[in-house]
Amino acid sequence: NAFRLPPSPYVVQAVAFTSSDTCLQVVTEFIEGKNLQQLIGDDKWNVTFLHRLELAFQVISGLVHCHNHLLLHLDIKAANIIVHVNGKTCKLSDFGCSKTATTSQNGLLVVDDATVNAGFGTVAYKAPELLKGQKITDRADIYSFSLLLWELLTRESVYNSLHPHIFIYNVVVHKLRPKIEQLNIPKGKHGRALVTLLENCWSDELTKRPRAITVQQIIKQFIDSERKIISFMRNSMINKESFIHIMQISEF
């Protein structure tokens, strides 16, 4: 599946493969850096809110690239996001669980073969419909992305204090989701919109989860808004310092 994808700045590129009677091994480009899971747990990783949004934008852009080519990743998680040593860029990796969508139903990309549902992916990030053995769609990737985004914003691992059997039961039966109050995001309209995005992306209803390209557009709006706020604050500080300087000259 990795070889089906054209090159993208947001996806680790497969360059070769070897095979035997028992396994297939894929050779990918080398990226010097760490995976996002390692960085999230590193207290020395100094990262701003804007930088986190920019990394999230790159991840969802990689997912848009996959879905545009009918490929569902199905193992979106922090450990599969490789952040370059420069700290500014990241790429989506590990397509070992990926599946090709064969049909489109009601705006959803669907994998027709139901037998491929068993035993793939990472349980903590797995969409509730997959935990229940239901059909595989592109919205499973959106659910997983929302948990990754929550981890990026909180710098905590999702469900890290719960036994797998407990959170699986609660996700499926009681619709357990990560705690919104743990989010480290700005208050006001900007913050509320981000909460709404998360809640839509991890909704139990597939049709409420937006397409990857819609999520990409929303996060781009957040980034543009945050950059404007930062620019305004910098200009305000410059104007304030200029005013103080003028007053000091006047007094002299």
# chains A, B, ... in the order shown; residues from 1 in each chain; ligands from 1
>>> residues_around(residues="Phe17 in chain A", least_positions_apart="4", cutoff="9 Å", atoms="only C-alpha atoms", output="PyMOL selection string")
chain A and resi 24-28
>>> write_last_selection(atoms="N, CA and C atoms", output="CSV table (one decimal), in the first residue's frame")
chain,number,residue,atom,x,y,z
A,24,LEU,N,7.2,-9.6,4.2
A,24,LEU,CA,7.5,-8.6,3.3
A,24,LEU,C,8.1,-7.5,4.1
A,25,GLN,N,9.3,-7.0,3.7
A,25,GLN,CA,10.0,-5.9,4.4
A,25,GLN,C,10.1,-4.7,3.5
A,26,VAL,N,9.7,-3.5,4.0
A,26,VAL,CA,9.6,-2.3,3.2
A,26,VAL,C,10.8,-1.4,3.7
A,27,VAL,N,11.5,-0.9,2.8
A,27,VAL,CA,12.6,0.1,3.0
A,27,VAL,C,12.0,1.5,2.8
A,28,THR,N,12.2,2.4,3.8
A,28,THR,CA,11.6,3.7,3.6
A,28,THR,C,12.8,4.8,3.7
>>> select_by_dssp(residues="range 131-209 of chain A", states="helix (DSSP H, G or I)", output="ChimeraX atom specification")
/A:131,139-154,164-173,180-182,189-201,206-208
>>> write_last_selection(atoms="C-alpha atoms", output="PDB file, in the first residue's frame")
ATOM      1  CA  LEU A 131     -13.760  -2.322  18.263  1.00  0.00           C
ATOM      2  CA  ARG A 139     -13.720   8.143   9.471  1.00  0.00           C
ATOM      3  CA  ALA A 140     -11.843   5.611  11.609  1.00  0.00           C
ATOM      4  CA  ASP A 141      -8.694   7.569  10.736  1.00  0.00           C
ATOM      5  CA  ILE A 142     -10.429  10.796  11.782  1.00  0.00           C
ATOM      6  CA  TYR A 143     -11.316   9.307  15.168  1.00  0.00           C
ATOM      7  CA  SER A 144      -7.706   8.228  15.717  1.00  0.00           C
ATOM      8  CA  PHE A 145      -6.448  11.647  14.637  1.00  0.00           C
ATOM      9  CA  SER A 146      -8.645  13.348  17.245  1.00  0.00           C
ATOM     10  CA  LEU A 147      -7.007  11.316  20.025  1.00  0.00           C
ATOM     11  CA  LEU A 148      -3.559  12.162  18.660  1.00  0.00           C
ATOM     12  CA  LEU A 149      -4.525  15.856  18.556  1.00  0.00           C
ATOM     13  CA  TRP A 150      -5.714  15.664  22.176  1.00  0.00           C
ATOM     14  CA  GLU A 151      -2.358  14.134  23.165  1.00  0.00           C
ATOM     15  CA  LEU A 152      -0.486  16.843  21.286  1.00  0.00           C
ATOM     16  CA  LEU A 153      -2.449  19.583  23.069  1.00  0.00           C
ATOM     17  CA  THR A 154      -2.293  18.033  26.545  1.00  0.00           C
ATOM     18  CA  PRO A 164      -7.147  -1.909  27.998  1.00  0.00           C
ATOM     19  CA  HIS A 165     -10.177  -4.051  28.820  1.00  0.00           C
ATOM     20  CA  ILE A 166     -11.634  -1.210  30.896  1.00  0.00           C
ATOM     21  CA  PHE A 167     -11.263   1.550  28.324  1.00  0.00           C
ATOM     22  CA  ILE A 168     -12.394  -0.697  25.451  1.00  0.00           C
ATOM     23  CA  TYR A 169     -15.606  -1.490  27.342  1.00  0.00           C
ATOM     24  CA  ASN A 170     -16.152   2.150  28.264  1.00  0.00           C
ATOM     25  CA  VAL A 171     -15.401   3.475  24.769  1.00  0.00           C
ATOM     26  CA  VAL A 172     -17.864   1.038  23.191  1.00  0.00           C
ATOM     27  CA  VAL A 173     -20.616   0.964  25.827  1.00  0.00           C
ATOM     28  CA  ILE A 180     -11.776  18.129  27.493  1.00  0.00           C
ATOM     29  CA  GLU A 181     -10.880  19.974  30.713  1.00  0.00           C
ATOM     30  CA  GLN A 182      -7.295  18.724  30.408  1.00  0.00           C
ATOM     31  CA  LYS A 189     -14.128  31.527  20.563  1.00  0.00           C
ATOM     32  CA  HIS A 190     -10.823  30.077  19.350  1.00  0.00           C
ATOM     33  CA  GLY A 191     -10.718  27.477  22.117  1.00  0.00           C
ATOM     34  CA  ARG A 192     -14.399  26.565  21.816  1.00  0.00           C
ATOM     35  CA  ALA A 193     -14.008  25.928  18.090  1.00  0.00           C
ATOM     36  CA  LEU A 194     -11.117  23.563  18.756  1.00  0.00           C
ATOM     37  CA  VAL A 195     -13.164  21.676  21.352  1.00  0.00           C
ATOM     38  CA  THR A 196     -16.008  21.372  18.828  1.00  0.00           C
ATOM     39  CA  LEU A 197     -13.592  19.969  16.249  1.00  0.00           C
ATOM     40  CA  LEU A 198     -12.352  17.315  18.678  1.00  0.00           C
ATOM     41  CA  GLU A 199     -15.863  16.320  19.740  1.00  0.00           C
ATOM     42  CA  ASN A 200     -17.003  16.023  16.123  1.00  0.00           C
ATOM     43  CA  CYS A 201     -13.944  13.986  15.134  1.00  0.00           C
ATOM     44  CA  LEU A 206     -19.629   8.317  11.515  1.00  0.00           C
ATOM     45  CA  THR A 207     -21.545  10.989   9.630  1.00  0.00           C
ATOM     46  CA  LYS A 208     -20.724  13.579  12.307  1.00  0.00           C
TER      47      LYS A 208
END
>>> select_by_dssp(residues="range 22-69 of chain A", states="strand (DSSP E or B)", output="list in words")
Leu24, Gln25, Val26, Val27, Thr28, Gly33, Lys34 and Asn35 of chain A
>>> residues_around(residues="range 95-106 of chain A", least_positions_apart="3", cutoff="10 Å", atoms="only C-alpha atoms", output="MDAnalysis selection string")
chainID A and resid 1:4 12 14 26 66:67 69:76 80 92 109:113 116:117 119:122 136:138 207
>>> write_last_selection(atoms="N, CA and C atoms", output="CSV table (one decimal), in the first residue's frame")
chain,number,residue,atom,x,y,z
A,1,ASN,N,0.8,-1.2,0.0
A,1,ASN,CA,0.0,0.0,0.0
A,1,ASN,C,0.9,1.3,0.0
A,2,ALA,N,2.0,1.2,0.7
A,2,ALA,CA,2.8,2.4,0.8
A,2,ALA,C,3.4,2.8,-0.6
A,3,PHE,N,3.6,1.8,-1.4
A,3,PHE,CA,4.1,2.0,-2.8
A,3,PHE,C,3.1,2.6,-3.7
A,4,ARG,N,1.8,2.6,-3.3
A,4,ARG,CA,0.8,3.1,-4.2
A,4,ARG,C,0.7,4.6,-4.1
A,12,VAL,N,6.1,9.5,4.9
A,12,VAL,CA,7.3,8.9,4.8
A,12,VAL,C,7.3,8.0,3.5
A,14,ALA,N,8.2,5.2,0.8
A,14,ALA,CA,8.7,3.9,0.6
A,14,ALA,C,9.6,3.9,-0.6
A,26,VAL,N,9.7,-3.5,4.0
A,26,VAL,CA,9.6,-2.3,3.2
A,26,VAL,C,10.8,-1.4,3.7
A,66,CYS,N,-3.4,10.5,1.8
A,66,CYS,CA,-3.7,9.1,1.7
A,66,CYS,C,-5.1,8.9,1.2
A,67,HIS,N,-6.1,9.6,1.8
A,67,HIS,CA,-7.5,9.4,1.5
A,67,HIS,C,-7.8,9.9,0.0
A,69,HIS,N,-6.0,9.2,-2.3
A,69,HIS,CA,-5.6,8.0,-3.1
A,69,HIS,C,-6.2,6.7,-2.6
A,70,LEU,N,-7.3,6.9,-1.9
A,70,LEU,CA,-8.2,5.8,-1.5
A,70,LEU,C,-7.5,4.9,-0.5
A,71,LEU,N,-6.5,5.4,0.2
A,71,LEU,CA,-5.8,4.6,1.2
A,71,LEU,C,-6.1,5.0,2.6
A,72,LEU,N,-6.6,4.1,3.4
A,72,LEU,CA,-6.9,4.3,4.8
A,72,LEU,C,-5.7,3.9,5.6
A,73,HIS,N,-5.2,4.7,6.5
A,73,HIS,CA,-4.0,4.4,7.3
A,73,HIS,C,-4.3,3.4,8.4
A,74,LEU,N,-5.3,3.6,9.2
A,74,LEU,CA,-5.8,2.7,10.2
A,74,LEU,C,-4.9,2.4,11.4
A,75,ASP,N,-3.8,3.3,11.5
A,75,ASP,CA,-3.0,3.1,12.7
A,75,ASP,C,-2.4,4.5,13.1
A,76,ILE,N,-3.3,5.5,13.0
A,76,ILE,CA,-2.8,6.9,13.3
A,76,ILE,C,-2.6,7.0,14.8
A,80,ASN,N,3.6,6.8,15.4
A,80,ASN,CA,3.8,6.7,13.9
A,80,ASN,C,3.9,8.1,13.2
A,92,LEU,N,3.9,11.3,8.3
A,92,LEU,CA,3.1,10.1,8.7
A,92,LEU,C,3.9,8.8,8.2
A,109,LEU,N,-15.5,6.7,2.6
A,109,LEU,CA,-14.6,5.7,1.9
A,109,LEU,C,-14.7,4.4,2.7
A,110,VAL,N,-15.0,3.3,2.0
A,110,VAL,CA,-15.3,2.0,2.7
A,110,VAL,C,-14.4,0.9,2.2
A,111,VAL,N,-14.0,0.1,3.2
A,111,VAL,CA,-13.3,-1.2,2.8
A,111,VAL,C,-14.3,-2.3,2.9
A,112,ASP,N,-14.6,-2.9,1.7
A,112,ASP,CA,-15.7,-3.9,1.6
A,112,ASP,C,-15.4,-5.2,2.3
A,113,ASP,N,-14.1,-5.6,2.4
A,113,ASP,CA,-13.8,-6.9,3.0
A,113,ASP,C,-13.8,-6.8,4.5
A,116,VAL,N,-11.0,-8.1,7.2
A,116,VAL,CA,-9.7,-7.4,7.5
A,116,VAL,C,-9.7,-6.6,8.8
A,117,ASN,N,-10.9,-6.6,9.4
A,117,ASN,CA,-11.0,-5.8,10.6
A,117,ASN,C,-10.3,-6.4,11.8
A,119,GLY,N,-7.8,-7.7,14.5
A,119,GLY,CA,-6.4,-7.7,14.9
A,119,GLY,C,-5.4,-6.7,14.4
A,120,PHE,N,-5.9,-5.6,13.8
A,120,PHE,CA,-5.0,-4.6,13.3
A,120,PHE,C,-5.1,-3.3,14.1
A,121,GLY,N,-4.1,-2.4,14.0
A,121,GLY,CA,-4.2,-1.1,14.6
A,121,GLY,C,-3.9,-1.2,16.1
A,122,THR,N,-3.9,0.0,16.7
A,122,THR,CA,-3.6,0.1,18.1
A,122,THR,C,-4.8,0.4,18.9
A,136,ILE,N,-15.2,-0.8,8.0
A,136,ILE,CA,-14.0,0.1,8.1
A,136,ILE,C,-14.2,1.3,7.1
A,137,THR,N,-14.1,2.5,7.6
A,137,THR,CA,-14.2,3.7,6.7
A,137,THR,C,-13.1,4.6,7.0
A,138,ASP,N,-13.0,5.7,6.2
A,138,ASP,CA,-12.0,6.7,6.4
A,138,ASP,C,-12.2,7.5,7.7
A,207,THR,N,-21.2,9.9,10.5
A,207,THR,CA,-21.5,11.0,9.6
A,207,THR,C,-21.3,12.3,10.3
>>> atom_distance(atom1="CA of Leu130 in chain A", atom2="CA of Asp204 in chain A")
11.2 Å
>>> atom_distance(atom1="CA of Ala212 in chain A", atom2="CA of Ile60 in chain A")
6.5 Å
